[in-house]
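Here's run.cif, which has mmCIF, C-alpha atoms:
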```
data_run
loop_
_atom_site.group_PDB
_atom_site.id
_atom_site.type_symbol
_atom_site.label_atom_id
_atom_site.label_comp_id
_atom_site.auth_asym_id
_atom_site.auth_seq_id
_atom_site.Cartn_x
_atom_site.Cartn_y
_atom_site.Cartn_z
ATOM 1 C CA MET N 418 83.265 -3.484 123.659
ATOM 2 C CA ALA N 419 80.044 -4.793 125.188
ATOM 3 C CA LEU N 420 79.883 -6.638 128.506
ATOM 4 C CA PHE N 421 82.623 -9.298 128.469
ATOM 5 C CA ASP N 422 83.502 -10.031 132.099
ATOM 6 C CA LEU N 423 81.481 -11.636 134.901
ATOM 7 C CA PRO N 424 77.869 -10.524 135.458
ATOM 8 C CA LEU N 425 77.485 -7.756 138.027
ATOM 9 C CA ALA N 426 75.925 -10.088 140.611
ATOM 10 C CA GLN N 427 79.035 -12.284 140.443
ATOM 11 C CA LEU N 428 81.403 -9.317 140.429
ATOM 12 C CA GLU N 429 79.890 -8.071 143.672
ATOM 13 C CA GLY N 430 80.968 -11.315 145.353
ATOM 14 C CA TYR N 431 84.201 -11.845 143.425
ATOM 15 C CA ARG N 432 86.938 -12.215 146.036
ATOM 16 C CA PRO N 433 89.686 -14.416 144.633
ATOM 17 C CA ASP N 434 92.430 -15.871 146.778
ATOM 18 C CA ARG N 435 95.346 -13.483 147.063
ATOM 19 C CA ASP N 436 98.723 -14.475 145.668
ATOM 20 C CA GLU N 437 100.845 -12.903 148.388
ATOM 21 C CA PRO N 438 104.563 -13.501 149.018
ATOM 22 C CA ALA N 439 105.439 -14.463 152.581
ATOM 23 C CA ASP N 440 107.839 -11.518 152.822
ATOM 24 C CA PHE N 441 105.481 -8.935 151.269
ATOM 25 C CA ASP N 442 105.440 -6.649 154.325
ATOM 26 C CA ASP N 443 109.160 -7.002 154.903
ATOM 27 C CA PHE N 444 109.882 -6.211 151.251
ATOM 28 C CA TRP N 445 107.952 -2.949 151.431
ATOM 29 C CA SER N 446 109.286 -2.049 154.860
ATOM 30 C CA ARG N 447 112.822 -2.409 153.531
ATOM 31 C CA THR N 448 111.988 -0.526 150.333
ATOM 32 C CA LEU N 449 110.564 2.457 152.204
ATOM 33 C CA ALA N 450 113.399 2.417 154.724
ATOM 34 C CA GLU N 451 115.867 2.618 151.844
ATOM 35 C CA ALA N 452 113.930 5.518 150.324
ATOM 36 C CA ARG N 453 113.757 7.339 153.649
ATOM 37 C CA ALA N 454 117.505 6.978 154.136
ATOM 38 C CA PHE N 455 117.689 9.955 151.771
ATOM 39 C CA PRO N 456 116.351 13.331 152.914
ATOM 40 C CA LEU N 457 112.875 14.099 151.565
ATOM 41 C CA ASP N 458 113.892 17.740 150.970
ATOM 42 C CA PRO N 459 110.548 18.967 149.562
ATOM 43 C CA ARG N 460 110.839 22.205 147.593
ATOM 44 C CA PHE N 461 107.890 24.354 146.576
ATOM 45 C CA ALA N 462 108.901 27.070 144.110
ATOM 46 C CA PRO N 463 106.176 29.601 143.185
ATOM 47 C CA VAL N 464 105.381 29.765 139.479
ATOM 48 C CA ASP N 465 102.990 32.079 137.642
ATOM 49 C CA PHE N 466 100.530 30.492 135.218
ATOM 50 C CA GLY N 467 98.188 33.483 135.186
ATOM 51 C CA LEU N 468 95.677 31.954 137.605
ATOM 52 C CA ARG N 469 94.033 34.598 139.776
ATOM 53 C CA THR N 470 92.323 32.342 142.304
ATOM 54 C CA VAL N 471 94.961 29.613 142.612
ATOM 55 C CA GLU N 472 98.568 29.714 143.775
ATOM 56 C CA THR N 473 100.820 27.322 141.881
ATOM 57 C CA PHE N 474 104.138 25.808 142.926
ATOM 58 C CA ASP N 475 106.691 23.738 141.053
ATOM 59 C CA VAL N 476 107.354 20.833 143.421
ATOM 60 C CA THR N 477 110.496 18.742 143.776
ATOM 61 C CA PHE N 478 111.036 16.058 146.421
ATOM 62 C CA ASN N 479 113.364 13.100 146.730
ATOM 63 C CA GLY N 480 111.726 9.758 145.987
ATOM 64 C CA TYR N 481 113.167 6.287 145.541
ATOM 65 C CA GLY N 482 116.959 6.287 145.726
ATOM 66 C CA GLY N 483 116.988 9.963 146.652
ATOM 67 C CA GLN N 484 116.133 10.738 143.021
ATOM 68 C CA PRO N 485 114.273 14.020 142.342
ATOM 69 C CA ILE N 486 110.570 13.712 141.566
ATOM 70 C CA LYS N 487 108.631 16.630 140.120
ATOM 71 C CA GLY N 488 105.042 17.676 140.738
ATOM 72 C CA TRP N 489 102.679 20.606 141.056
ATOM 73 C CA LEU N 490 101.058 22.020 144.161
ATOM 74 C CA LEU N 491 97.899 24.086 143.731
ATOM 75 C CA LEU N 492 96.458 26.081 146.641
ATOM 76 C CA PRO N 493 93.314 28.211 146.703
ATOM 77 C CA ARG N 494 94.336 31.827 147.305
ATOM 78 C CA ALA N 495 91.321 32.391 149.554
ATOM 79 C CA ARG N 496 91.982 30.223 152.577
ATOM 80 C CA SER N 497 92.081 30.353 156.347
ATOM 81 C CA GLY N 498 93.792 27.710 158.435
ATOM 82 C CA PRO N 499 95.261 24.376 157.347
ATOM 83 C CA LEU N 500 93.763 22.801 154.229
ATOM 84 C CA PRO N 501 92.755 19.218 153.535
ATOM 85 C CA ALA N 502 94.813 17.882 150.633
ATOM 86 C CA VAL N 503 94.562 15.508 147.693
ATOM 87 C CA VAL N 504 97.734 13.825 146.455
ATOM 88 C CA GLU N 505 97.044 12.705 142.902
ATOM 89 C CA TYR N 506 98.780 10.091 140.740
ATOM 90 C CA ILE N 507 98.625 9.988 136.957
ATOM 91 C CA GLY N 508 97.422 7.387 134.468
ATOM 92 C CA TYR N 509 99.763 5.204 132.413
ATOM 93 C CA GLY N 510 101.959 7.105 129.978
ATOM 94 C CA GLY N 511 101.026 10.542 131.276
ATOM 95 C CA GLY N 512 102.989 13.237 133.050
ATOM 96 C CA ARG N 513 102.165 16.200 135.244
ATOM 97 C CA GLY N 514 101.316 18.462 132.295
ATOM 98 C CA PHE N 515 100.584 22.014 133.457
ATOM 99 C CA PRO N 516 98.785 23.339 136.557
ATOM 100 C CA THR N 517 95.971 24.513 134.287
ATOM 101 C CA ASP N 518 95.154 20.814 133.746
ATOM 102 C CA TRP N 519 94.409 20.288 137.448
ATOM 103 C CA LEU N 520 92.014 22.927 138.770
ATOM 104 C CA THR N 521 89.108 20.967 140.276
ATOM 105 C CA TRP N 522 90.429 20.283 143.780
ATOM 106 C CA SER N 523 91.871 23.736 144.434
ATOM 107 C CA ALA N 524 88.613 25.266 143.169
ATOM 108 C CA ALA N 525 86.822 23.149 145.789
ATOM 109 C CA GLY N 526 89.070 24.462 148.583
ATOM 110 C CA TYR N 527 91.644 21.661 148.794
ATOM 111 C CA ALA N 528 95.396 21.705 148.490
ATOM 112 C CA HIS N 529 96.279 19.548 145.493
ATOM 113 C CA LEU N 530 99.665 17.916 144.944
ATOM 114 C CA VAL N 531 100.024 16.218 141.551
ATOM 115 C CA MET N 532 102.965 13.797 141.398
ATOM 116 C CA ASP N 533 104.814 13.437 138.115
ATOM 117 C CA THR N 534 105.511 9.835 137.021
ATOM 118 C CA ARG N 535 109.159 8.912 136.623
ATOM 119 C CA GLY N 536 110.052 7.911 133.067
ATOM 120 C CA GLN N 537 106.541 8.508 131.713
ATOM 121 C CA GLY N 538 104.891 11.604 130.318
ATOM 122 C CA SER N 539 105.030 11.520 126.537
ATOM 123 C CA ALA N 540 102.044 9.337 125.597
ATOM 124 C CA TRP N 541 99.262 11.841 126.274
ATOM 125 C CA SER N 542 100.582 14.562 128.634
ATOM 126 C CA LYS N 543 103.982 16.070 129.362
ATOM 127 C CA GLY N 544 106.229 14.726 132.095
ATOM 128 C CA ASP N 545 109.420 16.155 133.556
ATOM 129 C CA THR N 546 110.878 13.338 135.703
ATOM 130 C CA PRO N 547 113.364 10.857 134.201
ATOM 131 C CA ASP N 548 113.776 7.337 135.578
ATOM 132 C CA ILE N 549 117.485 7.587 136.369
ATOM 133 C CA ALA N 550 117.733 4.539 138.647
ATOM 134 C CA PRO N 551 120.399 1.985 137.664
ATOM 135 C CA GLU N 552 118.017 -0.944 138.329
ATOM 136 C CA GLY N 553 115.897 -2.621 135.714
ATOM 137 C CA GLY N 554 118.287 -2.914 132.802
ATOM 138 C CA ASP N 555 117.036 -6.288 131.525
ATOM 139 C CA PRO N 556 115.425 -6.539 128.076
ATOM 140 C CA GLN N 557 111.770 -5.499 128.135
ATOM 141 C CA PHE N 558 108.710 -5.281 125.923
ATOM 142 C CA PRO N 559 108.112 -1.618 124.959
ATOM 143 C CA GLY N 560 106.350 0.224 127.772
ATOM 144 C CA PHE N 561 106.918 0.142 131.522
ATOM 145 C CA MET N 562 105.106 -3.004 132.629
ATOM 146 C CA THR N 563 108.078 -5.332 132.069
ATOM 147 C CA ARG N 564 110.955 -2.986 132.960
ATOM 148 C CA GLY N 565 113.096 -4.910 135.451
ATOM 149 C CA ILE N 566 110.395 -7.537 135.922
ATOM 150 C CA LEU N 567 112.718 -10.497 136.447
ATOM 151 C CA ALA N 568 113.197 -9.580 140.127
ATOM 152 C CA PRO N 569 111.045 -7.608 142.601
ATOM 153 C CA ARG N 570 113.981 -5.440 143.617
ATOM 154 C CA THR N 571 114.613 -4.193 140.087
ATOM 155 C CA TYR N 572 110.991 -3.866 138.958
ATOM 156 C CA TYR N 573 109.984 -0.409 137.732
ATOM 157 C CA TYR N 574 106.908 -0.171 139.977
ATOM 158 C CA ARG N 575 109.020 -0.611 143.101
ATOM 159 C CA ARG N 576 110.506 2.781 142.368
ATOM 160 C CA LEU N 577 107.208 4.350 141.373
ATOM 161 C CA ILE N 578 105.304 3.098 144.441
ATOM 162 C CA ALA N 579 108.089 4.337 146.731
ATOM 163 C CA ASP N 580 107.769 7.726 145.001
ATOM 164 C CA ALA N 581 104.010 7.671 145.628
ATOM 165 C CA ALA N 582 104.464 7.088 149.361
ATOM 166 C CA ARG N 583 107.056 9.848 149.553
ATOM 167 C CA ALA N 584 104.671 12.236 147.780
ATOM 168 C CA VAL N 585 102.278 11.913 150.725
ATOM 169 C CA GLU N 586 105.134 12.758 153.076
ATOM 170 C CA ALA N 587 106.025 15.780 150.920
ATOM 171 C CA ALA N 588 102.443 17.050 151.104
ATOM 172 C CA ALA N 589 102.335 16.571 154.881
ATOM 173 C CA ALA N 590 105.527 18.632 155.194
ATOM 174 C CA HIS N 591 103.940 21.745 153.670
ATOM 175 C CA GLY N 592 102.875 24.228 156.331
ATOM 176 C CA VAL N 593 99.504 25.016 154.726
ATOM 177 C CA ILE N 594 98.377 21.376 154.582
ATOM 178 C CA ASP N 595 96.559 19.582 157.403
ATOM 179 C CA ALA N 596 98.590 16.376 157.696
ATOM 180 C CA GLY N 597 95.589 14.665 159.298
ATOM 181 C CA ARG N 598 93.437 15.172 156.191
ATOM 182 C CA ILE N 599 95.343 13.880 153.181
ATOM 183 C CA ALA N 600 93.615 11.820 150.504
ATOM 184 C CA VAL N 601 95.388 9.846 147.782
ATOM 185 C CA ALA N 602 93.694 9.729 144.403
ATOM 186 C CA GLY N 603 94.060 8.624 140.831
ATOM 187 C CA ALA N 604 92.507 6.834 137.885
ATOM 188 C CA SER N 605 93.840 3.747 136.110
ATOM 189 C CA GLN N 606 97.576 3.570 136.958
ATOM 190 C CA GLY N 607 96.920 6.464 139.336
ATOM 191 C CA GLY N 608 94.200 4.431 141.038
ATOM 192 C CA GLY N 609 96.575 1.513 141.518
ATOM 193 C CA LEU N 610 99.189 3.850 142.987
ATOM 194 C CA ALA N 611 96.549 5.323 145.308
ATOM 195 C CA LEU N 612 95.823 1.836 146.656
ATOM 196 C CA ALA N 613 99.533 1.239 147.242
ATOM 197 C CA ALA N 614 100.059 4.620 148.912
ATOM 198 C CA GLY N 615 96.946 4.075 151.010
ATOM 199 C CA ALA N 616 98.538 0.924 152.394
ATOM 200 C CA LEU N 617 102.115 2.182 152.740
ATOM 201 C CA ALA N 618 102.119 5.915 153.486
ATOM 202 C CA PRO N 619 101.490 6.968 157.087
ATOM 203 C CA GLY N 620 98.489 9.134 157.840
ATOM 204 C CA VAL N 621 96.446 8.687 154.646
ATOM 205 C CA GLY N 622 92.884 9.733 155.472
ATOM 206 C CA ALA N 623 91.038 8.679 152.295
ATOM 207 C CA VAL N 624 91.608 6.721 149.076
ATOM 208 C CA LEU N 625 89.998 7.589 145.743
ATOM 209 C CA ALA N 626 90.733 4.744 143.292
ATOM 210 C CA ASP N 627 89.009 5.088 139.939
ATOM 211 C CA VAL N 628 89.077 2.142 137.499
ATOM 212 C CA PRO N 629 92.349 1.033 139.163
ATOM 213 C CA PHE N 630 95.097 -0.571 137.113
ATOM 214 C CA LEU N 631 97.848 -2.822 138.583
ATOM 215 C CA CYS N 632 95.366 -5.249 140.166
ATOM 216 C CA HIS N 633 94.884 -9.027 139.784
ATOM 217 C CA TYR N 634 97.497 -9.243 137.028
ATOM 218 C CA ARG N 635 97.159 -12.859 135.965
ATOM 219 C CA ARG N 636 93.431 -12.648 135.340
ATOM 220 C CA ALA N 637 93.896 -9.360 133.489
ATOM 221 C CA THR N 638 96.416 -10.911 131.114
ATOM 222 C CA GLU N 639 94.094 -13.833 130.467
ATOM 223 C CA ILE N 640 90.870 -11.956 129.657
ATOM 224 C CA THR N 641 91.944 -8.799 127.816
ATOM 225 C CA ASP N 642 94.145 -8.107 124.799
ATOM 226 C CA ALA N 643 94.241 -4.388 125.555
ATOM 227 C CA HIS N 644 97.323 -2.446 126.509
ATOM 228 C CA PRO N 645 99.034 -2.060 128.916
ATOM 229 C CA TYR N 646 98.316 -5.578 130.258
ATOM 230 C CA GLN N 647 99.182 -6.913 126.802
ATOM 231 C CA GLU N 648 102.797 -5.877 127.493
ATOM 232 C CA LEU N 649 102.935 -8.626 130.125
ATOM 233 C CA ALA N 650 101.285 -11.167 127.852
ATOM 234 C CA ARG N 651 103.669 -10.383 124.982
ATOM 235 C CA PHE N 652 106.686 -10.667 127.269
ATOM 236 C CA CYS N 653 105.473 -14.063 128.516
ATOM 237 C CA LEU N 654 104.715 -15.173 124.952
ATOM 238 C CA THR N 655 108.370 -14.621 124.075
ATOM 239 C CA ARG N 656 109.935 -15.489 127.416
ATOM 240 C CA ARG N 657 108.119 -18.773 127.976
ATOM 241 C CA ASP N 658 110.785 -19.761 130.491
ATOM 242 C CA ALA N 659 110.096 -16.695 132.658
ATOM 243 C CA VAL N 660 106.306 -16.875 133.182
ATOM 244 C CA ASP N 661 106.512 -18.073 136.783
ATOM 245 C CA THR N 662 109.214 -15.498 137.530
ATOM 246 C CA VAL N 663 107.077 -12.698 136.069
ATOM 247 C CA PHE N 664 104.055 -13.459 138.220
ATOM 248 C CA ALA N 665 106.192 -14.075 141.307
ATOM 249 C CA THR N 666 107.502 -10.520 140.880
ATOM 250 C CA LEU N 667 104.067 -9.042 140.197
ATOM 251 C CA ALA N 668 102.683 -10.483 143.445
ATOM 252 C CA TYR N 669 104.690 -7.840 145.329
ATOM 253 C CA PHE N 670 102.964 -5.066 143.354
ATOM 254 C CA ASP N 671 99.379 -6.282 143.139
ATOM 255 C CA GLY N 672 96.787 -3.732 144.209
ATOM 256 C CA VAL N 673 94.744 -6.578 145.669
ATOM 257 C CA ASN N 674 97.458 -7.132 148.291
ATOM 258 C CA PHE N 675 97.751 -3.417 149.018
ATOM 259 C CA ALA N 676 93.955 -3.138 149.309
ATOM 260 C CA ALA N 677 93.962 -5.802 152.017
ATOM 261 C CA ARG N 678 96.250 -3.527 154.084
ATOM 262 C CA ALA N 679 94.559 -0.149 153.530
ATOM 263 C CA GLY N 680 92.208 1.081 156.226
ATOM 264 C CA ALA N 681 91.179 4.632 155.228
ATOM 265 C CA PRO N 682 87.679 5.240 153.835
ATOM 266 C CA ALA N 683 87.767 4.542 150.099
ATOM 267 C CA LEU N 684 85.758 5.364 147.003
ATOM 268 C CA PHE N 685 86.240 3.127 143.962
ATOM 269 C CA SER N 686 84.762 3.242 140.485
ATOM 270 C CA VAL N 687 84.410 0.652 137.746
ATOM 271 C CA GLY N 688 83.286 0.655 134.120
ATOM 272 C CA LEU N 689 81.524 -2.609 133.299
ATOM 273 C CA MET N 690 82.679 -2.428 129.654
ATOM 274 C CA ASP N 691 86.256 -1.508 130.547
ATOM 275 C CA GLU N 692 88.601 -3.683 128.481
ATOM 276 C CA ILE N 693 91.754 -1.946 129.788
ATOM 277 C CA CYS N 694 91.124 -2.636 133.488
ATOM 278 C CA PRO N 695 88.541 -5.431 133.406
ATOM 279 C CA PRO N 696 85.773 -5.150 136.016
ATOM 280 C CA SER N 697 86.739 -8.374 137.806
ATOM 281 C CA THR N 698 90.239 -6.986 138.457
ATOM 282 C CA VAL N 699 88.730 -3.859 140.014
ATOM 283 C CA TYR N 700 86.309 -5.867 142.137
ATOM 284 C CA ALA N 701 89.115 -8.175 143.272
ATOM 285 C CA ALA N 702 90.792 -5.136 144.878
ATOM 286 C CA TYR N 703 87.515 -3.621 146.080
ATOM 287 C CA ASN N 704 86.264 -6.792 147.736
ATOM 288 C CA HIS N 705 89.590 -7.296 149.531
ATOM 289 C CA TYR N 706 89.802 -3.665 150.663
ATOM 290 C CA ALA N 707 90.174 -3.657 154.446
ATOM 291 C CA GLY N 708 88.669 -0.262 155.311
ATOM 292 C CA PRO N 709 85.241 1.331 154.836
ATOM 293 C CA LYS N 710 84.477 1.449 151.123
ATOM 294 C CA GLU N 711 82.027 2.432 148.431
ATOM 295 C CA ILE N 712 82.027 1.795 144.696
ATOM 296 C CA ARG N 713 80.332 3.618 141.841
ATOM 297 C CA VAL N 714 79.362 1.324 138.962
ATOM 298 C CA TRP N 715 79.180 2.764 135.438
ATOM 299 C CA ARG N 716 77.331 0.115 133.470
ATOM 300 C CA TYR N 717 77.829 1.324 129.894
ATOM 301 C CA ASN N 718 81.239 2.882 130.279
ATOM 302 C CA HIS N 719 84.696 1.785 129.324
ATOM 303 C CA HIS N 720 88.002 2.927 130.822
ATOM 304 C CA GLU N 721 86.747 6.482 131.169
ATOM 305 C CA GLY N 722 84.530 5.144 133.951
ATOM 306 C CA GLY N 723 82.237 7.860 135.220
ATOM 307 C CA GLY N 724 84.363 10.708 133.867
ATOM 308 C CA PRO N 725 82.876 14.019 135.052
ATOM 309 C CA TYR N 726 80.107 12.152 136.870
ATOM 310 C CA GLN N 727 82.759 10.408 138.962
ATOM 311 C CA THR N 728 84.424 13.773 139.653
ATOM 312 C CA LEU N 729 81.182 14.867 141.300
ATOM 313 C CA GLU N 730 81.097 11.634 143.300
ATOM 314 C CA ARG N 731 84.665 12.232 144.508
ATOM 315 C CA LEU N 732 83.815 15.764 145.601
ATOM 316 C CA LYS N 733 80.738 14.583 147.480
ATOM 317 C CA PHE N 734 82.656 11.728 149.107
ATOM 318 C CA LEU N 735 85.455 13.893 150.497
ATOM 319 C CA GLY N 736 83.024 16.682 151.354
ATOM 320 C CA ALA N 737 81.017 14.304 153.533
ATOM 321 C CA LEU N 738 84.177 12.892 155.107
ATOM 322 C CA TRP N 739 85.788 16.243 155.952
ATOM 323 C CA ARG N 740 82.926 18.671 156.452
#
```

Output the structure of this file as structure tokens.
Amino acid sequence: MALFDLPLAQLEGYRPDRDEPADFDDFWSRTLAEARAFPLDPRFAPVDFGLRTVETFDVTFNGYGGQPIKGWLLLPRARSGPLPAVVEYIGYGGGRGFPTDWLTWSAAGYAHLVMDTRGQGSAWSKGDTPDIAPEGGDPQFPGFMTRGILAPRTYYYRRLIADAARAVEAAAAHGVIDAGRIAVAGASQGGGLALAAGALAPGVGAVLADVPFLCHYRRATEITDAHPYQELARFCLTRRDAVDTVFATLAYFDGVNFAARAGAPALFSVGLMDEICPPSTVYAAYNHYAGPKEIRVWRYNHHEGGGPYQTLERLKFLGALWR
């Protein structure tokens, strides 16, 4: 797809009004308090994947509802003193895969905790964490975007965002990790989760949000036919009586509202031909971001954004921040 959204000059100033519930902060305070009522109980079991320069651990911690969340922890074998860490979240439909899929950050000298995504992990990489919560049993359009969407308390992303915040706490609990130097990172869905964790998890020192999903929902559903936003549009097409309810729920989970509460230095990226996460939805979050921020613009790219070029930008960004 060629350029289809606002021109870049307009995107740079695109700062729409935020649709924010009056009890947004209270909702998330109560959600995290409920999650923290269960012990975090992080477990790091050594596993051997034949990697000579990286130690690998099978991670389990208790997320939303005290439910077990899986992950991987990768540590460089050659290290001295506490390590800065990257907590990474995964794109829509993917799971944690294998440690061999995640070698960049440990090769650069960072601890790297990759959080599995509850209920996902069969679309393009393997996951190992079921969504066993009793909430969210209403009818839904296939996918995860409408699971439990008729009320904020039952919505799927309430559980997933609580998991993301707890993942930061699990990383900080590991004795090798410097709790004062933890970055949250991800692309697409992972980028949206990084924005949420950057706002909600204590002690986050940097946010890396590439082509973030879960931002500025209503505009996304109105300017793209691509999945996963089409799941919302299809649900509203059928449930004409529930449109206002759907967007009232989504306001509690909009990355634009989390961005306005995040203060750590942040690096964003955007693909100007991205039909999955349209550029204006990315810029809506970027322009509302409350902390120091930079964005890398990939003019001819789609949802892959900068790909390996953006990986280099991420490495440079954190390297300059935590020399």

For Pro551 of chain N, find every residue with an atom within 12 Å (counting only C-alpha atoms), except residues of its own chain fewer than 3 positions away, and show them as a PDB file with C-alpha atoms, in the frame of the given file.
```
ATOM      1  CA  TYR N 481     113.167   6.287 145.541  1.00  0.00           C
ATOM      2  CA  GLY N 482     116.959   6.287 145.726  1.00  0.00           C
ATOM      3  CA  GLN N 484     116.133  10.738 143.021  1.00  0.00           C
ATOM      4  CA  PRO N 547     113.364  10.857 134.201  1.00  0.00           C
ATOM      5  CA  ASP N 548     113.776   7.337 135.578  1.00  0.00           C
ATOM      6  CA  GLY N 554     118.287  -2.914 132.802  1.00  0.00           C
ATOM      7  CA  ASP N 555     117.036  -6.288 131.525  1.00  0.00           C
ATOM      8  CA  ARG N 564     110.955  -2.986 132.960  1.00  0.00           C
ATOM      9  CA  GLY N 565     113.096  -4.910 135.451  1.00  0.00           C
ATOM     10  CA  ARG N 570     113.981  -5.440 143.617  1.00  0.00           C
ATOM     11  CA  THR N 571     114.613  -4.193 140.087  1.00  0.00           C
ATOM     12  CA  TYR N 572     110.991  -3.866 138.958  1.00  0.00           C
ATOM     13  CA  TYR N 573     109.984  -0.409 137.732  1.00  0.00           C
ATOM     14  CA  ARG N 576     110.506   2.781 142.368  1.00  0.00           C
TER      15      ARG N 576
END
```

- Task: Apply the PyMOL selection byres ((chain N and resi 733-738) around 10) to the file shown and report the selected residues as a ChimeraX atom specification.
- Result: /N:501,503,525,598,600,622-625,682-684,711,727-732,739-740

- Query: Which residues, written as number ranges by chain, have at least one atom at most 12 Å from segment 460-462 of chain N, with all atoms listed in the file counted and residues fewer than 3 positions away on the same chain left out?
  - Reply: N: 456-457, 465, 472-479, 485-492, 530, 584, 587-588, 590-593

Grab the residues selected above and save them as a CSV table (one decimal), in the frame of the given file with C-alpha atoms.
```csv
chain,number,residue,atom,x,y,z
N,456,PRO,CA,116.4,13.3,152.9
N,457,LEU,CA,112.9,14.1,151.6
N,465,ASP,CA,103.0,32.1,137.6
N,472,GLU,CA,98.6,29.7,143.8
N,473,THR,CA,100.8,27.3,141.9
N,474,PHE,CA,104.1,25.8,142.9
N,475,ASP,CA,106.7,23.7,141.1
N,476,VAL,CA,107.4,20.8,143.4
N,477,THR,CA,110.5,18.7,143.8
N,478,PHE,CA,111.0,16.1,146.4
N,479,ASN,CA,113.4,13.1,146.7
N,485,PRO,CA,114.3,14.0,142.3
N,486,ILE,CA,110.6,13.7,141.6
N,487,LYS,CA,108.6,16.6,140.1
N,488,GLY,CA,105.0,17.7,140.7
N,489,TRP,CA,102.7,20.6,141.1
N,490,LEU,CA,101.1,22.0,144.2
N,491,LEU,CA,97.9,24.1,143.7
N,492,LEU,CA,96.5,26.1,146.6
N,530,LEU,CA,99.7,17.9,144.9
N,584,ALA,CA,104.7,12.2,147.8
N,587,ALA,CA,106.0,15.8,150.9
N,588,ALA,CA,102.4,17.0,151.1
N,590,ALA,CA,105.5,18.6,155.2
N,591,HIS,CA,103.9,21.7,153.7
N,592,GLY,CA,102.9,24.2,156.3
N,593,VAL,CA,99.5,25.0,154.7
```

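Going from atom CA of Arg432 of chain N to atom CA of Met562 of chain N covers 24.4 Å.
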
- Identify which of the residues N:Val660, N:Val673, N:Ala668, N:Ala596 lies closest to Phe630 of chain N, counting all atoms listed in the file when measuring atom-to-atom distances. N:Val673

- Message: Please determine, counting only C-alpha atoms, which residue among N:Ala528, N:Leu649, N:Ala454, N:Leu423 has the shortest atom-to-atom distance to Gly498 of chain N.
- Response: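 For Gly498 of chain N, the nearest of the given residues is N:Ala528.
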
- Message: Applying 10 Å and only C-alpha atoms, which residues near Tyr700 of chain N remain after dropping the ones on its own chain fewer than 6 positions away? List them as an NGL selection string.
- Response: :N and (425 or 427-433 or 628-629 or 632-633 or 673 or 685-687 or 706 or 712)

With C-alpha atoms kept, could you save the residues just selected as a compact mmCIF listing (two decimals), keeping the file's coordinate frame?
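Contents of out36.txt, freshly written:
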```txt
# COMPACT_ATOMS: atom_id res chain seq x y z
CA LEU N 425 77.48 -7.76 138.03
CA GLN N 427 79.04 -12.28 140.44
CA LEU N 428 81.40 -9.32 140.43
CA GLU N 429 79.89 -8.07 143.67
CA GLY N 430 80.97 -11.32 145.35
CA TYR N 431 84.20 -11.84 143.43
CA ARG N 432 86.94 -12.22 146.04
CA PRO N 433 89.69 -14.42 144.63
CA VAL N 628 89.08 2.14 137.50
CA PRO N 629 92.35 1.03 139.16
CA CYS N 632 95.37 -5.25 140.17
CA HIS N 633 94.88 -9.03 139.78
CA VAL N 673 94.74 -6.58 145.67
CA PHE N 685 86.24 3.13 143.96
CA SER N 686 84.76 3.24 140.49
CA VAL N 687 84.41 0.65 137.75
CA TYR N 706 89.80 -3.66 150.66
CA ILE N 712 82.03 1.80 144.70
```

- Message: I'd like the interatomic distance between atom CA of Phe444 of chain N and atom CA of Tyr669 of chain N, to a tenth of an Å.
- Response: 8.0 Å

- Query: For the file shown, what are the residues hit by the PyMOL selection byres ((chain N and resi 653) around 12), laid out as a list in words?
  - Reply: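 This file, filtered by the PyMOL selection byres ((chain N and resi 653) around 12), leaves Gln557, Phe558, Met562, Thr563, Ile566, Leu567, Arg635, Thr638, Glu639, Tyr646, Gln647, Glu648, Leu649, Ala650, Arg651, Phe652, Leu654, Thr655, Arg656, Arg657, Asp658, Ala659, Val660, Asp661, Thr662, Val663 and Phe664 of chain N.
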
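Selection result for the displayed file, with the PyMOL selection byres ((chain N and resi 513) around 6) as criterion, is Gly512, Gly514, Asp533 and Gly544 of chain N.
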
- Of the residues N:Ala426, N:Ile549, N:Ala568, N:Leu631, which is the one nearest to Ala611 of chain N, using only C-alpha atoms?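 Closest to Ala611 of chain N, using only C-alpha atoms: N:Leu631.
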
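Each of N:Gly483, N:Pro438, N:Pro424, N:Gly620 was checked against Ala450 of chain N using only C-alpha atoms; the smallest atom-to-atom distance is that of N:Gly483.
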